[in-house]
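Beneath this line is the structure, given in structure tokens, with notes to follow.
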Amino acid sequence: MALPGDKPSGSAVVKEVPPPRPATAGPGIAKRLPRLASMILLAVLFRQLQAPPPKICGTPGGPPVTGTRIRLKDGRHLAYHESGVPKEEAKHRIIFVHGFDSCRYDALQVSPELAQELGVYVLSFDRPGYGESDPHPERTEKSTTLDIEELADALELGPRFYLIGFSMGGEIMWSCLKHIPHRLSGVSILGPVGNYWWSGYPSNVSWAAWYQQIPQDQWAVRVAHHAPWLTYWWNTQKLFPASSVIAFNPAILSREDMAIIPKFAYRSYVVCNGQVRQQGEHESLHRDMIVGFGKWAWSPLELEDPFPAGEAEVHLWHGAEDLIVPVGLSRYIAKTLPWVRYHELPTAGHLFPIADGLGDVIVRTMVLGHN
């Protein structure tokens, strides 16, 4: 007989087994989590920095082609516009190169009376990425010059022609003077953008011009020069102000510019019919900044006289009250290059080429020269 507390004879001793503990992440996984989070963050940032692909005219999903275009040797298209007298009757054939955030319809206005009097024909075109011209992601300070020469040959303008460039298009004139002077009958450079890093500018000149920009433009230009890969994000983010030119900030307009801006706005939004940025801002506006303020292999201040025999003239025009492109850069270029004929307009701002009648003055001065 078993007494209380005695173990039953012949029975096995049963031990309680504790339940299994939940599985925990090993030290290897824990160490990898920060790295994984960093990779995800970098992927998100990389996507934010990448510009969307352009909407190329005439392709599925892109804007329609409404104007006349030529096909370049590399397969790109350039859209163009003709005005003045018929090309076949012209005595003076002019190619106009538009500025920042503009298109082929923003050509210098020449009155019908002057066009008839002097026999002036004007050809303007959309620079790459603007309007209906195909983008050129590999654009350089020289490539648009080659586009101009190819356009002139395609339209049979003859061995020589005149050039007029405004603002960012004015900066391109220096490249034309360097690479194709043998094709030029004369050049007019209107309020040209200057690159603050061009060699030949004394530090006091470049810094004085630099600080005439408002701070947000100093940053936008600095990014385009030092970190071009960041240009798209910088000018599209909402954390702080980006380029005031892209944003149409009235702070950069002089008194005369404010009086002219309604005319400029009419041409941009009615005549151009919203075409300027229709393919996307990166291959038009941002690419302009990357090339214009980028690292050039040469400097216009080092140019020698492209017309030593006096066969053509170079005219540089700038408004003394220009708040977008500091006049000090053009003053120093004119002082350094004695073959440049400099015209400073004492009360004008940046948009002076649009002022009534001034287009006629610029063209007459160029084609008739000092006579």
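Quick note on naming: the chains in the structure tokens go A, B, ... in the order shown, residues restart at 1 in each chain, and ligands are numbered from 1 in order of appearance.
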>> Env of stretch 281-286 of chain A: 6 Å cut, atoms = only C-alpha atoms, seq-sep filter 6 positions within chain, self excluded. Answer as a ChimeraX atom specification.
In response: /A:129-130,135
Print the selection's residues with C-alpha atoms to a file, as a PDB file, in the first residue's frame.
```pdb
ATOM      1  CA  GLY A 129      14.865  71.330 -76.148  1.00  0.00           C
ATOM      2  CA  TYR A 130      12.799  74.478 -76.682  1.00  0.00           C
ATOM      3  CA  PRO A 135      16.457  68.006 -77.074  1.00  0.00           C
TER       4      PRO A 135
END
```
>> From a backbone DSSP assignment, name each residue in stretch 179-212 of chain A labelled strand (DSSP E), as a PyMOL selection string.
In response: chain A and resi 184-190
Can I get the selected residues back with N, CA, C and O atoms, as an mmCIF file, in the first residue's frame?
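Output file out.cif follows:
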```cif
data_model
loop_
_atom_site.group_PDB
_atom_site.id
_atom_site.type_symbol
_atom_site.label_atom_id
_atom_site.label_comp_id
_atom_site.auth_asym_id
_atom_site.auth_seq_id
_atom_site.Cartn_x
_atom_site.Cartn_y
_atom_site.Cartn_z
ATOM 1 N N LEU A 184 30.541 84.505 -91.207
ATOM 2 C CA LEU A 184 29.788 85.619 -90.644
ATOM 3 C C LEU A 184 30.042 86.944 -91.362
ATOM 4 O O LEU A 184 31.180 87.317 -91.632
ATOM 5 N N SER A 185 28.927 87.643 -91.630
ATOM 6 C CA SER A 185 28.997 88.985 -92.213
ATOM 7 C C SER A 185 28.981 90.060 -91.150
ATOM 8 O O SER A 185 29.310 91.221 -91.421
ATOM 9 N N GLY A 186 28.578 89.705 -89.949
ATOM 10 C CA GLY A 186 28.491 90.644 -88.840
ATOM 11 C C GLY A 186 27.744 89.987 -87.693
ATOM 12 O O GLY A 186 26.973 89.043 -87.900
ATOM 13 N N VAL A 187 27.988 90.489 -86.483
ATOM 14 C CA VAL A 187 27.394 89.890 -85.296
ATOM 15 C C VAL A 187 26.931 90.980 -84.344
ATOM 16 O O VAL A 187 27.655 91.956 -84.110
ATOM 17 N N SER A 188 25.722 90.802 -83.786
ATOM 18 C CA SER A 188 25.218 91.675 -82.730
ATOM 19 C C SER A 188 24.919 90.829 -81.503
ATOM 20 O O SER A 188 24.166 89.844 -81.588
ATOM 21 N N ILE A 189 25.515 91.203 -80.372
ATOM 22 C CA ILE A 189 25.386 90.454 -79.124
ATOM 23 C C ILE A 189 24.593 91.323 -78.148
ATOM 24 O O ILE A 189 25.054 92.397 -77.758
ATOM 25 N N LEU A 190 23.416 90.860 -77.756
ATOM 26 C CA LEU A 190 22.490 91.680 -76.980
ATOM 27 C C LEU A 190 22.360 91.154 -75.554
ATOM 28 O O LEU A 190 21.891 90.030 -75.343
#
```
> Hey, what's within 6 Å of stretch 192-201 of chain A if we count only C-alpha atoms and toss same-chain stuff fewer than 6 positions away? As a PyMOL selection string, please?
Replying inline: chain A and resi 167-168+170-171+293+299+301+325
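Atom CA of A:Ala51 is found 15.4 Å from atom CA of A:Val223.
From atom CA of A:Ile261 back to atom CA of A:Ser330, the distance works out to 23.0 Å.
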>> Excluding A:Arg183 and its own-chain neighbours fewer than 5 positions away, which residues fall within 7 Å of it when counting only C-alpha atoms? Please give them as a count of residues only.
In response: 3
